[in-house]
file start16.cif (mmCIF, C-alpha atoms)
data_my_file
loop_
_atom_site.label_atom_id
_atom_site.label_comp_id
_atom_site.auth_asym_id
_atom_site.auth_seq_id
_atom_site.Cartn_x
_atom_site.Cartn_y
_atom_site.Cartn_z
CA MET A 1 54.23 197.60 166.56
CA GLU A 2 57.70 197.09 165.04
CA GLU A 3 58.61 194.95 168.02
CA LEU A 4 55.52 192.79 167.44
CA LYS A 5 56.40 192.37 163.76
CA GLN A 6 59.94 191.32 164.64
CA GLN A 7 58.53 188.88 167.21
CA LEU A 8 56.16 187.43 164.61
CA LYS A 9 58.95 186.90 162.09
CA GLU A 10 61.06 185.04 164.66
CA PHE A 11 58.04 183.14 165.79
CA ILE A 12 57.20 182.01 162.22
CA ILE A 13 60.79 181.00 161.46
CA ASN A 14 61.20 179.02 164.68
CA GLU A 15 57.78 177.46 165.00
CA LEU A 16 57.30 176.57 161.34
CA PHE A 17 60.88 175.32 161.07
CA LEU A 18 61.78 177.60 158.16
CA GLU A 19 65.34 177.07 157.06
CA ASP A 20 67.79 179.40 155.31
CA ILE A 21 65.86 182.55 156.14
CA THR A 22 66.37 185.27 158.74
CA PRO A 23 63.79 187.69 160.18
CA GLU A 24 65.48 190.54 158.30
CA GLU A 25 64.82 188.79 155.00
CA ILE A 26 61.07 188.72 155.57
CA GLU A 27 59.48 191.88 154.23
CA ASN A 28 56.59 193.30 156.25
CA ASP A 29 54.26 193.49 153.26
CA ALA A 30 55.32 190.28 151.49
CA PRO A 31 52.60 187.59 151.15
CA LEU A 32 52.95 184.85 153.75
CA PHE A 33 51.33 182.14 151.63
CA GLY A 34 52.05 181.03 148.09
CA GLU A 35 54.53 183.39 146.50
CA GLY A 36 56.43 185.42 149.06
CA LEU A 37 57.30 183.41 152.15
CA GLY A 38 55.81 180.28 150.58
CA LEU A 39 53.84 178.97 153.54
CA ASP A 40 51.18 176.33 152.83
CA SER A 41 47.85 175.21 154.28
CA LEU A 42 49.50 173.01 156.94
CA ASP A 43 51.56 176.01 158.04
CA ALA A 44 48.27 177.92 158.33
CA VAL A 45 47.06 175.24 160.74
CA GLU A 46 50.19 175.69 162.86
CA LEU A 47 49.74 179.45 162.80
CA VAL A 48 46.12 179.23 163.98
CA VAL A 49 47.16 176.97 166.88
CA LEU A 50 50.18 179.07 167.81
CA LEU A 51 48.30 182.37 167.66
CA ARG A 52 45.72 180.89 169.97
CA LYS A 53 48.37 179.77 172.46
CA GLN A 54 50.73 182.73 172.25
CA TYR A 55 48.40 185.69 171.71
CA LYS A 56 44.98 184.27 172.73
CA ILE A 57 43.82 185.07 169.21
CA ASP A 58 41.15 183.10 167.40
CA ILE A 59 41.17 183.16 163.61
CA LYS A 60 37.53 182.13 163.50
CA ASN A 61 37.02 181.56 159.80
CA MET A 62 38.61 181.85 156.39
CA ASP A 63 37.42 185.44 155.90
CA GLU A 64 39.34 186.52 158.99
CA GLY A 65 42.24 184.32 157.89
CA LYS A 66 42.34 186.00 154.49
CA ILE A 67 42.77 189.37 156.17
CA ALA A 68 45.14 188.34 158.95
CA PHE A 69 47.39 186.00 156.97
CA ARG A 70 48.09 188.35 154.07
CA SER A 71 51.45 189.56 155.42
CA ILE A 72 53.38 190.34 158.59
CA ASP A 73 51.82 193.83 158.53
CA THR A 74 48.26 192.51 158.46
CA LEU A 75 48.98 189.80 161.03
CA ALA A 76 50.44 192.36 163.45
CA ASN A 77 47.43 194.63 162.90
CA TYR A 78 45.06 191.75 163.52
CA ILE A 79 46.81 190.81 166.77
CA GLN A 80 46.81 194.39 167.96
CA GLN A 81 43.09 194.77 167.27
CA ASN A 82 41.99 191.40 168.63
CA GLY A 83 44.65 190.19 171.04
CA ASN A 84 44.32 189.68 174.77
CA GLY A 85 47.77 188.23 175.35
CA MET B 1 41.26 167.59 138.13
CA ILE B 2 37.89 169.26 138.41
CA LYS B 3 36.61 170.91 135.25
CA THR B 4 33.62 173.18 134.89
CA LYS B 5 31.00 171.43 132.78
CA SER B 6 29.08 173.07 129.98
CA LYS B 7 25.47 174.13 130.53
CA ILE B 8 24.25 171.45 128.13
CA VAL B 9 26.09 168.67 129.95
CA ASN B 10 24.80 169.98 133.26
CA ARG B 11 21.23 170.04 131.92
CA LEU B 12 21.55 166.49 130.59
CA GLU B 13 22.96 165.36 133.92
CA GLY B 14 20.11 167.13 135.66
CA LEU B 15 17.59 165.35 133.44
CA GLY B 16 19.29 162.02 134.12
CA LEU B 17 19.18 162.64 137.84
CA PHE B 18 15.53 163.67 137.66
CA PHE B 19 14.65 160.28 136.13
CA PHE B 20 16.95 158.52 138.58
CA TYR B 21 15.18 160.06 141.58
CA LEU B 22 11.79 159.60 139.96
CA THR B 23 12.55 155.87 139.57
CA ILE B 24 13.56 155.65 143.22
CA LYS B 25 10.42 157.48 144.30
CA ILE B 26 8.08 155.36 142.18
CA ALA B 27 9.80 151.97 142.15
CA GLY B 28 11.34 152.09 145.62
CA GLN B 29 14.64 150.54 146.56
CA ARG B 30 14.10 147.12 145.00
CA GLY B 31 12.74 148.57 141.76
CA ALA B 32 15.59 151.07 141.47
CA TYR B 33 18.13 148.30 142.08
CA LEU B 34 16.52 146.27 139.27
CA MET B 35 16.62 149.25 136.91
CA LEU B 36 20.34 149.46 137.48
CA TYR B 37 21.04 146.14 135.75
CA PRO B 38 20.57 147.18 132.09
CA VAL B 39 22.16 150.59 132.64
CA ILE B 40 25.21 149.20 134.41
CA PHE B 41 25.49 146.34 131.92
CA CYS B 42 25.77 148.79 129.02
CA TYR B 43 28.13 151.07 130.93
CA ALA B 44 30.44 148.22 131.94
CA PHE B 45 30.33 146.69 128.46
CA PHE B 46 30.82 149.76 126.29
CA ASN B 47 33.00 152.00 128.43
CA ILE B 48 36.40 150.65 127.32
CA GLY B 49 38.20 153.53 129.07
CA MET B 50 36.95 152.25 132.41
CA LYS B 51 38.45 148.83 131.73
CA LYS B 52 41.93 150.35 131.51
CA LEU B 53 41.38 152.31 134.70
CA THR B 54 39.96 149.52 136.83
CA ASP B 55 41.80 146.38 135.62
CA PRO B 56 44.99 147.21 137.58
CA TYR B 57 42.93 147.10 140.79
CA TYR B 58 41.15 143.84 139.92
CA GLU B 59 44.43 142.19 138.92
CA LEU B 60 45.99 143.01 142.28
CA ILE B 61 43.00 141.49 144.06
CA PHE B 62 42.08 138.56 141.82
CA GLY B 63 45.22 137.91 139.76
CA LYS B 64 45.45 137.82 135.96
CA LEU B 65 42.10 138.39 134.27
CA THR B 66 40.38 137.14 131.15
CA LYS B 67 38.19 139.64 129.25
CA GLN B 68 35.07 138.01 130.68
CA GLU B 69 36.39 138.16 134.24
CA SER B 70 37.36 141.79 133.79
CA PHE B 71 33.83 142.59 132.59
CA LEU B 72 32.23 140.72 135.48
CA HIS B 73 34.35 142.50 138.06
CA ARG B 74 33.52 145.84 136.47
CA PHE B 75 29.83 144.99 136.37
CA ASN B 76 29.74 143.93 140.04
CA HIS B 77 31.77 146.95 141.06
CA PHE B 78 29.55 149.46 139.22
CA MET B 79 26.41 147.69 140.46
CA ASN B 80 27.55 148.22 144.03
CA PHE B 81 28.24 151.87 143.31
CA GLY B 82 24.81 152.20 141.69
CA ARG B 83 23.14 150.68 144.74
CA LEU B 84 25.02 153.15 146.90
CA MET B 85 23.68 156.04 144.78
CA VAL B 86 20.15 154.65 145.12
CA ASP B 87 20.57 154.39 148.91
CA ARG B 88 21.81 157.99 148.99
CA GLY B 89 18.69 159.14 147.16
CA LEU B 90 16.46 157.07 149.43
CA ILE B 91 17.66 158.95 152.49
CA GLY B 92 16.11 162.12 151.11
CA LEU B 93 13.13 160.68 149.28
CA ARG B 94 12.04 157.80 151.48
CA PRO B 95 12.82 158.50 155.13
CA ASP B 96 10.59 155.53 156.02
CA ILE B 97 13.35 153.18 154.82
CA LYS B 98 15.80 152.58 157.63
CA PHE B 99 19.41 151.48 157.28
CA ASN B 100 20.76 149.26 160.04
CA TYR B 101 24.38 148.96 160.99
CA THR B 102 26.71 147.08 163.30
CA THR B 103 29.80 148.79 164.67
CA LYS B 104 33.17 147.32 165.55
CA GLY B 105 35.78 149.25 167.54
CA LYS B 106 33.71 152.23 168.67
CA LYS B 107 35.30 152.35 172.13
CA GLY B 108 38.60 153.68 170.77
CA PHE B 109 36.76 156.49 168.99
CA LEU B 110 34.82 157.44 172.15
CA ASP B 111 38.00 157.31 174.24
CA ALA B 112 39.73 159.63 171.77
CA LEU B 113 36.85 162.11 172.00
CA GLU B 114 37.04 161.98 175.80
CA LYS B 115 40.53 163.49 175.70
CA GLY B 116 38.98 166.89 175.06
CA CYS B 117 40.18 167.65 171.56
CA GLY B 118 38.27 166.81 168.41
CA VAL B 119 38.92 163.74 166.29
CA ILE B 120 39.87 163.27 162.65
CA LEU B 121 37.87 160.39 161.25
CA LEU B 122 40.00 159.04 158.48
CA THR B 123 37.79 157.31 156.01
CA ALA B 124 38.03 156.19 152.40
CA HIS B 125 35.97 156.03 149.22
CA VAL B 126 33.81 153.24 150.58
CA GLY B 127 30.29 152.83 151.94
CA SER B 128 27.94 155.68 152.66
CA TRP B 129 28.16 158.82 154.78
CA GLN B 130 24.68 158.38 156.26
CA VAL B 131 25.80 155.17 157.96
CA VAL B 132 28.93 156.88 159.25
CA LEU B 133 26.85 159.72 160.66
CA SER B 134 24.50 157.36 162.46
CA ALA B 135 27.41 155.42 163.90
CA ILE B 136 29.46 158.35 165.16
CA ASN B 137 26.79 160.84 166.11
CA GLN B 138 27.63 162.25 169.55
CA PRO B 139 25.58 164.88 171.40
CA GLY B 140 27.16 168.32 171.29
CA ARG B 141 29.74 167.39 168.64
CA THR B 142 29.41 168.83 165.18
CA VAL B 143 30.50 166.62 162.31
CA SER B 144 32.28 168.26 159.38
CA SER B 145 33.51 166.71 156.20
CA LEU B 146 36.55 168.09 154.41
CA MET B 147 35.75 167.46 150.76
CA PHE B 148 35.74 168.73 147.19
CA ARG B 149 32.50 170.35 146.13
CA ASP B 150 32.46 169.08 142.59
CA ASP B 151 30.26 171.06 140.23
CA GLY B 152 28.99 167.82 138.69
CA LEU B 153 25.36 167.18 139.53
CA ALA B 154 25.79 163.42 139.71
CA THR B 155 28.32 163.71 142.51
CA LYS B 156 26.10 165.89 144.66
CA HIS B 157 24.13 164.49 147.55
CA PHE B 158 20.35 164.60 147.59
CA PHE B 159 20.26 167.36 150.20
CA GLU B 160 22.42 169.61 147.98
CA LEU B 161 20.12 169.14 145.00
CA ALA B 162 16.98 169.61 147.09
CA GLY B 163 18.44 172.71 148.75
CA VAL B 164 17.83 171.37 152.26
CA GLU B 165 20.14 171.65 155.25
CA PRO B 166 22.92 169.01 155.03
CA PRO B 167 23.23 166.62 157.98
CA PHE B 168 26.87 167.58 158.36
CA ASN B 169 28.95 170.66 157.82
CA ILE B 170 30.92 170.69 154.57
CA ILE B 171 34.38 172.25 154.52
CA ASP B 172 35.35 172.83 150.91
CA VAL B 173 38.93 171.92 150.01
CA ASP B 174 38.78 174.70 147.43
CA ASN B 175 38.30 177.30 150.17
CA TYR B 176 41.11 179.64 151.20
CA LEU B 177 44.16 177.56 152.22
CA GLY B 178 42.35 174.30 151.48
CA GLY B 179 39.80 174.76 154.24
CA SER B 180 42.57 174.37 156.81
CA ILE B 181 41.36 177.23 159.03
CA GLU B 182 37.84 175.82 159.38
CA THR B 183 39.27 172.32 159.88
CA ILE B 184 41.65 173.25 162.68
CA ASN B 185 38.98 175.37 164.39
CA SER B 186 36.56 172.45 164.34
CA LEU B 187 39.17 170.19 165.91
CA LEU B 188 40.16 172.74 168.53
CA ASN B 189 36.48 173.12 169.40
CA GLY B 190 36.29 169.38 170.09
CA ASP B 191 34.33 168.48 166.96
CA ILE B 192 34.66 165.62 164.49
CA VAL B 193 36.17 166.11 161.04
CA MET B 194 35.86 163.40 158.38
CA ILE B 195 38.64 163.26 155.80
CA MET B 196 39.00 160.86 152.88
CA GLY B 197 42.45 159.44 153.41
CA ASP B 198 42.82 157.20 150.36
CA ARG B 199 43.11 159.66 147.49
CA HIS B 200 46.04 162.02 147.08
CA PHE B 201 45.43 165.30 145.25
CA LYS B 202 48.10 167.61 146.56
CA GLY B 203 50.19 168.16 149.66
CA PRO B 204 52.48 165.76 151.50
CA TYR B 205 52.09 162.05 150.94
CA ILE B 206 53.73 158.75 151.79
CA ASN B 207 54.69 156.27 149.10
CA ILE B 208 53.64 153.00 150.60
CA SER B 209 52.82 149.49 149.46
CA PHE B 210 49.11 149.05 148.89
CA LEU B 211 48.04 145.61 147.60
CA GLY B 212 51.68 144.93 146.78
CA LYS B 213 52.43 148.03 144.70
CA ASN B 214 53.52 151.47 145.81
CA ALA B 215 50.80 154.14 145.96
CA LYS B 216 50.61 157.71 147.20
CA ILE B 217 48.67 157.99 150.44
CA PRO B 218 47.99 161.48 151.87
CA ALA B 219 49.95 162.40 154.99
CA SER B 220 48.13 165.69 155.67
CA PRO B 221 45.45 164.27 158.04
CA PHE B 222 48.19 163.02 160.36
CA ILE B 223 50.14 166.29 160.21
CA LEU B 224 46.92 168.19 160.89
CA ALA B 225 46.13 166.00 163.89
CA GLY B 226 49.67 166.49 165.22
CA SER B 227 49.22 170.27 165.08
CA ALA B 228 45.82 170.12 166.77
CA GLY B 229 46.97 167.57 169.36
CA CYS B 230 44.08 165.27 168.50
CA ALA B 231 43.68 161.68 167.40
CA VAL B 232 43.20 160.17 163.97
CA VAL B 233 40.64 157.37 163.99
CA PRO B 234 40.32 155.22 160.85
CA LEU B 235 36.78 154.32 159.87
CA LEU B 236 35.41 152.28 156.98
CA THR B 237 31.85 151.20 156.22
CA ALA B 238 30.55 148.45 154.01
CA LYS B 239 27.12 147.50 152.76
CA SER B 240 26.64 143.98 154.10
CA GLY B 241 23.02 143.48 153.04
CA LYS B 242 20.12 145.30 151.37
CA ASN B 243 19.61 147.65 154.31
CA SER B 244 22.40 146.55 156.60
CA ASN B 245 25.91 147.93 156.94
CA GLU B 246 29.08 147.24 158.81
CA VAL B 247 31.06 150.07 160.40
CA LEU B 248 34.69 149.23 161.13
CA ILE B 249 36.54 151.62 163.42
CA GLY B 250 40.30 151.20 163.83
CA ASN B 251 42.53 152.10 166.75
CA PRO B 252 43.16 155.81 167.32
CA VAL B 253 46.66 157.14 166.68
CA TRP B 254 48.09 160.33 168.19
CA PRO B 255 50.59 161.93 165.82
CA THR B 256 53.27 164.17 167.28
CA ARG B 257 53.61 167.75 166.09
CA ARG B 258 55.30 167.91 162.68
CA PRO B 259 56.01 164.18 162.29
CA ASP B 260 58.92 163.27 160.02
CA ALA B 261 58.70 160.87 157.05
CA ALA B 262 59.55 157.78 159.12
CA GLN B 263 56.91 158.64 161.72
CA LEU B 264 54.36 159.34 159.00
CA GLU B 265 55.01 155.97 157.44
CA LYS B 266 54.32 154.30 160.78
CA LEU B 267 51.08 156.28 161.12
CA VAL B 268 49.88 155.69 157.55
CA GLY B 269 50.78 151.97 157.57
CA PRO B 270 47.95 150.66 159.80
CA PHE B 271 45.37 152.69 157.85
CA VAL B 272 46.58 151.22 154.55
CA LYS B 273 46.55 147.75 156.10
CA MET B 274 42.96 148.32 157.22
CA ILE B 275 41.92 149.28 153.68
CA GLU B 276 43.75 146.23 152.29
CA GLU B 277 41.84 143.91 154.61
CA TYR B 278 38.65 145.72 153.64
CA VAL B 279 39.13 145.42 149.87
CA TYR B 280 39.90 141.71 150.14
CA LYS B 281 36.63 141.29 152.02
CA TYR B 282 34.60 143.81 149.98
CA PRO B 283 36.44 144.14 146.64
CA TYR B 284 33.49 145.83 144.92
CA GLN B 285 32.99 148.52 147.55
CA TRP B 286 36.15 150.56 147.17
CA TYR B 287 35.17 153.35 144.81
CA ASN B 288 38.34 154.68 143.26
CA PHE B 289 37.72 154.26 139.56
CA TYR B 290 41.16 155.18 138.31
CA ASN B 291 44.58 153.58 138.19
CA PHE B 292 45.47 154.23 141.79
CA TRP B 293 49.09 153.12 141.37
CA ASN B 294 49.87 155.18 138.32
CA GLU B 295 49.13 158.66 139.66
#
call {"tool": "encode", "arguments": {"input": "start16.cif", "output": "structure tokens"}}
result
Amino acid sequence: MEELKQQLKEFIINELFLEDITPEEIENDAPLFGEGLGLDSLDAVELVVLLRKQYKIDIKNMDEGKIAFRSIDTLANYIQQNGNG
Amino acid sequence: MIKTKSKIVNRLEGLGLFFFYLTIKIAGQRGAYLMLYPVIFCYAFFNIGMKKLTDPYYELIFGKLTKQESFLHRFNHFMNFGRLMVDRGLIGLRPDIKFNYTTKGKKGFLDALEKGCGVILLTAHVGSWQVVLSAINQPGRTVSSLMFRDDGLATKHFFELAGVEPPFNIIDVDNYLGGSIETINSLLNGDIVMIMGDRHFKGPYINISFLGKNAKIPASPFILAGSAGCAVVPLLTAKSGKNSNEVLIGNPVWPTRRPDAAQLEKLVGPFVKMIEEYVYKYPYQWYNFYNFWNE
């Protein structure tokens, strides 16, 4: 699980082109959107596409998105419960 | 932005709409159009605030205006909008009335759909959605519209007020993360998403010359398409006669993933040019009643 969280942090930094931040600086329970990591709706689009490609995960609707995209912890849980990759 | 209206205002609006739809039902299209004249005349004459909001647009199209010219432009503009509202109501109340349309440039749209991904139809505050739906309807493809669900009764479509199933799926911009999850899923499923591309509320934008003055044009539809790997197809409609319409479909563009500002400007440019050509041809059918260049 810790390995998956680390992977997700690197994945988010690299794929969403986040600058001036390292995986170590991202807290597992910090919000990904708005305050916290500060991702926006267009980053959410990228995340949906990348999760589909990388982990064969579908975030089917906003209710699932609300749960999965809360933090690194919740995203890792969601992948573990729903992933096929 | 959007404010929640008081119950009294909502009730008055509801009453107004009731009489509006009653007029359409009883008087039909021609009768409802006629009834618009005195109402629009008073609105255009007495609503001084609207003059300030709309004159900048008329001046860019027609040059310097006298008071009389300003009033006439406002009157014609509001009359067109009124007719559009009547036509909207007719769709629900009088299905016997048919709206015809001619389409230009549909091949590019069909080719873009053939590629396997969905398509973003980039439209503007012009014409009517029912014409767009008839023109783009493709078997097996759901059409969604990314839009604000204003709480104002007057802005609602007939199907919303009547509580019947809408002819397209609405993705509310006020949903979690601006409806982006539903939007990207629709595109990845190969469906069609309509987005109004001529009004910037929030998010990335390009400052670009529109009718000779810089205006903010949203860049998000192009960024979204780049992420999904799908095309953006510009589409505008115009009412060209009582029951006839023109559907103008522009060339598809395929944004790259995460386009930079220079790339975005190149993508936004042809869309803005298309709207410019449109407003010179149909100056009273672009329904942005605010100072577009001052936002």
call {"tool": "resolve_selection", "arguments": {"input": "start16.cif", "expression": "the PyMOL selection byres ((chain A) within 12 of (chain B))", "output": "PyMOL selection string"}}
result
chain A and resi 15-17+32-34+39-50+52-53+57-70
call {"tool": "residues_around", "arguments": {"input": "start16.cif", "residues": "Glu276 of chain B", "least_positions_apart": "5", "cutoff": "12 Å", "atoms": "all atoms listed in the file", "output": "PDB file with C-alpha atoms, keeping the file's coordinate frame"}}
result
ATOM      1  CA  TYR B  57      42.930 147.100 140.790  1.00  0.00           C
ATOM      2  CA  LEU B  60      45.990 143.010 142.280  1.00  0.00           C
ATOM      3  CA  ILE B  61      43.000 141.490 144.060  1.00  0.00           C
ATOM      4  CA  ALA B 124      38.030 156.190 152.400  1.00  0.00           C
ATOM      5  CA  ASP B 198      42.820 157.200 150.360  1.00  0.00           C
ATOM      6  CA  SER B 209      52.820 149.490 149.460  1.00  0.00           C
ATOM      7  CA  PHE B 210      49.110 149.050 148.890  1.00  0.00           C
ATOM      8  CA  LEU B 211      48.040 145.610 147.600  1.00  0.00           C
ATOM      9  CA  GLY B 212      51.680 144.930 146.780  1.00  0.00           C
ATOM     10  CA  LYS B 213      52.430 148.030 144.700  1.00  0.00           C
ATOM     11  CA  LEU B 236      35.410 152.280 156.980  1.00  0.00           C
ATOM     12  CA  GLY B 269      50.780 151.970 157.570  1.00  0.00           C
ATOM     13  CA  PRO B 270      47.950 150.660 159.800  1.00  0.00           C
ATOM     14  CA  PHE B 271      45.370 152.690 157.850  1.00  0.00           C
ATOM     15  CA  LYS B 281      36.630 141.290 152.020  1.00  0.00           C
ATOM     16  CA  TYR B 282      34.600 143.810 149.980  1.00  0.00           C
ATOM     17  CA  PRO B 283      36.440 144.140 146.640  1.00  0.00           C
ATOM     18  CA  GLN B 285      32.990 148.520 147.550  1.00  0.00           C
ATOM     19  CA  TRP B 286      36.150 150.560 147.170  1.00  0.00           C
TER      20      TRP B 286
END
call {"tool": "atom_distance", "arguments": {"input": "start16.cif", "atom1": "atom CA of Asn294 of chain B", "atom2": "atom CA of Phe45 of chain B"}}
result
23.5 Å
call {"tool": "atom_distance", "arguments": {"input": "start16.cif", "atom1": "atom CA of Glu24 of chain A", "atom2": "atom CA of Glu2 of chain A"}}
result
12.2 Å
call {"tool": "atom_distance", "arguments": {"input": "start16.cif", "atom1": "atom CA of Met79 of chain B", "atom2": "atom CA of Phe20 of chain B"}}
result
14.5 Å
call {"tool": "axis_aligned_box", "arguments": {"input": "start16.cif", "around": "segment 14-30 of chain A", "padding_each_side": "5 Å", "output": "AutoDock Vina command-line options"}}
result
--center_x 61.0 --center_y 184.4 --center_z 158.2 --size_x 23.5 --size_y 28.2 --size_z 23.5
call {"tool": "residues_near_point", "arguments": {"input": "start16.cif", "point": "(50.5, 154.4, 163.7)", "cutoff": "8 Å", "atoms": "all atoms listed in the file", "output": "number ranges by chain"}}
result
B: 253-255, 263-271
call {"tool": "residues_around", "arguments": {"input": "start16.cif", "residues": "Ser128 of chain B", "least_positions_apart": "6", "cutoff": "8 Å", "atoms": "all atoms listed in the file", "output": "ChimeraX atom specification"}}
result
/B:84,88,237-238
call {"tool": "residues_near_point", "arguments": {"input": "start16.cif", "point": "(32.0, 151.8, 160.8)", "cutoff": "8 Å", "atoms": "all atoms listed in the file", "output": "list in words"}}
result
Thr102, Thr103, Lys104, Val131, Val132, Ala135, Leu235, Leu236, Thr237, Ala238, Glu246, Val247, Leu248 and Ile249 of chain B
call {"tool": "closest_residue", "arguments": {"input": "start16.cif", "among": "B:Lys242, B:His200, B:Met50, B:Ser144", "to": "Asp87 of chain B", "atoms": "all atoms listed in the file"}}
result
B:Lys242
call {"tool": "resolve_selection", "arguments": {"input": "start16.cif", "expression": "the PyMOL selection byres ((chain B and resi 35-42) around 9)", "output": "NGL selection string"}}
result
:B and (23 or 30-34 or 43-47 or 75-76 or 78-79 or 82-83)
call {"tool": "closest_residue", "arguments": {"input": "start16.cif", "among": "B:Ile170, B:Val126, B:Leu110, B:Met147", "to": "Asn251 of chain B", "atoms": "all atoms listed in the file"}}
result
B:Leu110
call {"tool": "residues_around", "arguments": {"input": "start16.cif", "residues": "Leu8 of chain A", "least_positions_apart": "2", "cutoff": "12 Å", "atoms": "all atoms listed in the file", "output": "ChimeraX atom specification"}}
result
/A:1-6,10-16,22-24,26-28,32,47,50-51,54-55,69,71-79
call {"tool": "resolve_selection", "arguments": {"input": "start16.cif", "expression": "the PyMOL selection byres ((chain B and resi 89-94) around 9)", "output": "MDAnalysis selection string"}}
result
chainID B and resid 20:21 24:25 28:29 84:88 95:98 130 157:159 162
call {"tool": "build_atoms", "arguments": {"input": "start16.cif", "residues": "segment 69-75 of chain A", "atoms": "all heavy atoms", "output": "tab-separated table (two decimals), in the frame of the given file"}}
result
chain	number	residue	atom	x	y	z
A	69	PHE	N	46.23	186.75	157.48
A	69	PHE	CA	47.39	186.00	156.97
A	69	PHE	C	47.98	186.57	155.68
A	69	PHE	O	48.77	185.91	155.03
A	69	PHE	CB	47.01	184.53	156.74
A	69	PHE	CG	46.82	183.75	158.02
A	69	PHE	CD1	46.12	182.55	158.02
A	69	PHE	CD2	47.35	184.20	159.22
A	69	PHE	CE1	45.95	181.82	159.19
A	69	PHE	CE2	47.17	183.48	160.40
A	69	PHE	CZ	46.47	182.29	160.38
A	70	ARG	N	47.59	187.79	155.33
A	70	ARG	CA	48.09	188.35	154.07
A	70	ARG	C	49.60	188.62	154.17
A	70	ARG	O	50.36	188.28	153.28
A	70	ARG	CB	47.33	189.64	153.75
A	70	ARG	CG	47.30	189.96	152.29
A	70	ARG	CD	46.34	191.09	152.01
A	70	ARG	NE	44.95	190.71	152.20
A	70	ARG	CZ	43.96	191.57	152.46
A	70	ARG	NH1	44.21	192.85	152.60
A	70	ARG	NH2	42.73	191.14	152.60
A	71	SER	N	50.02	189.21	155.27
A	71	SER	CA	51.45	189.56	155.42
A	71	SER	C	51.75	189.76	156.91
A	71	SER	O	50.85	189.70	157.76
A	71	SER	CB	51.74	190.85	154.66
A	71	SER	OG	51.01	191.92	155.24
A	72	ILE	N	52.99	190.04	157.21
A	72	ILE	CA	53.38	190.34	158.59
A	72	ILE	C	52.64	191.59	159.07
A	72	ILE	O	52.16	191.65	160.21
A	72	ILE	CB	54.92	190.53	158.69
A	72	ILE	CG1	55.63	189.20	158.47
A	72	ILE	CG2	55.32	191.17	160.02
A	72	ILE	CD1	55.48	188.18	159.59
A	73	ASP	N	52.55	192.59	158.20
A	73	ASP	CA	51.82	193.83	158.53
A	73	ASP	C	50.40	193.54	158.98
A	73	ASP	O	49.95	194.01	160.03
A	73	ASP	CB	51.75	194.75	157.30
A	73	ASP	CG	53.03	195.58	157.13
A	73	ASP	OD1	53.77	195.72	158.12
A	73	ASP	OD2	53.29	196.05	156.01
A	74	THR	N	49.68	192.76	158.16
A	74	THR	CA	48.26	192.51	158.46
A	74	THR	C	48.10	191.61	159.69
A	74	THR	O	47.16	191.79	160.48
A	74	THR	CB	47.54	191.84	157.27
A	74	THR	OG1	48.21	190.63	156.94
A	74	THR	CG2	47.51	192.75	156.05
A	75	LEU	N	49.04	190.69	159.87
A	75	LEU	CA	48.98	189.80	161.03
A	75	LEU	C	49.19	190.60	162.32
A	75	LEU	O	48.48	190.43	163.31
A	75	LEU	CB	50.03	188.69	160.90
A	75	LEU	CG	49.97	187.53	161.89
A	75	LEU	CD1	48.58	186.91	161.95
A	75	LEU	CD2	50.99	186.46	161.53
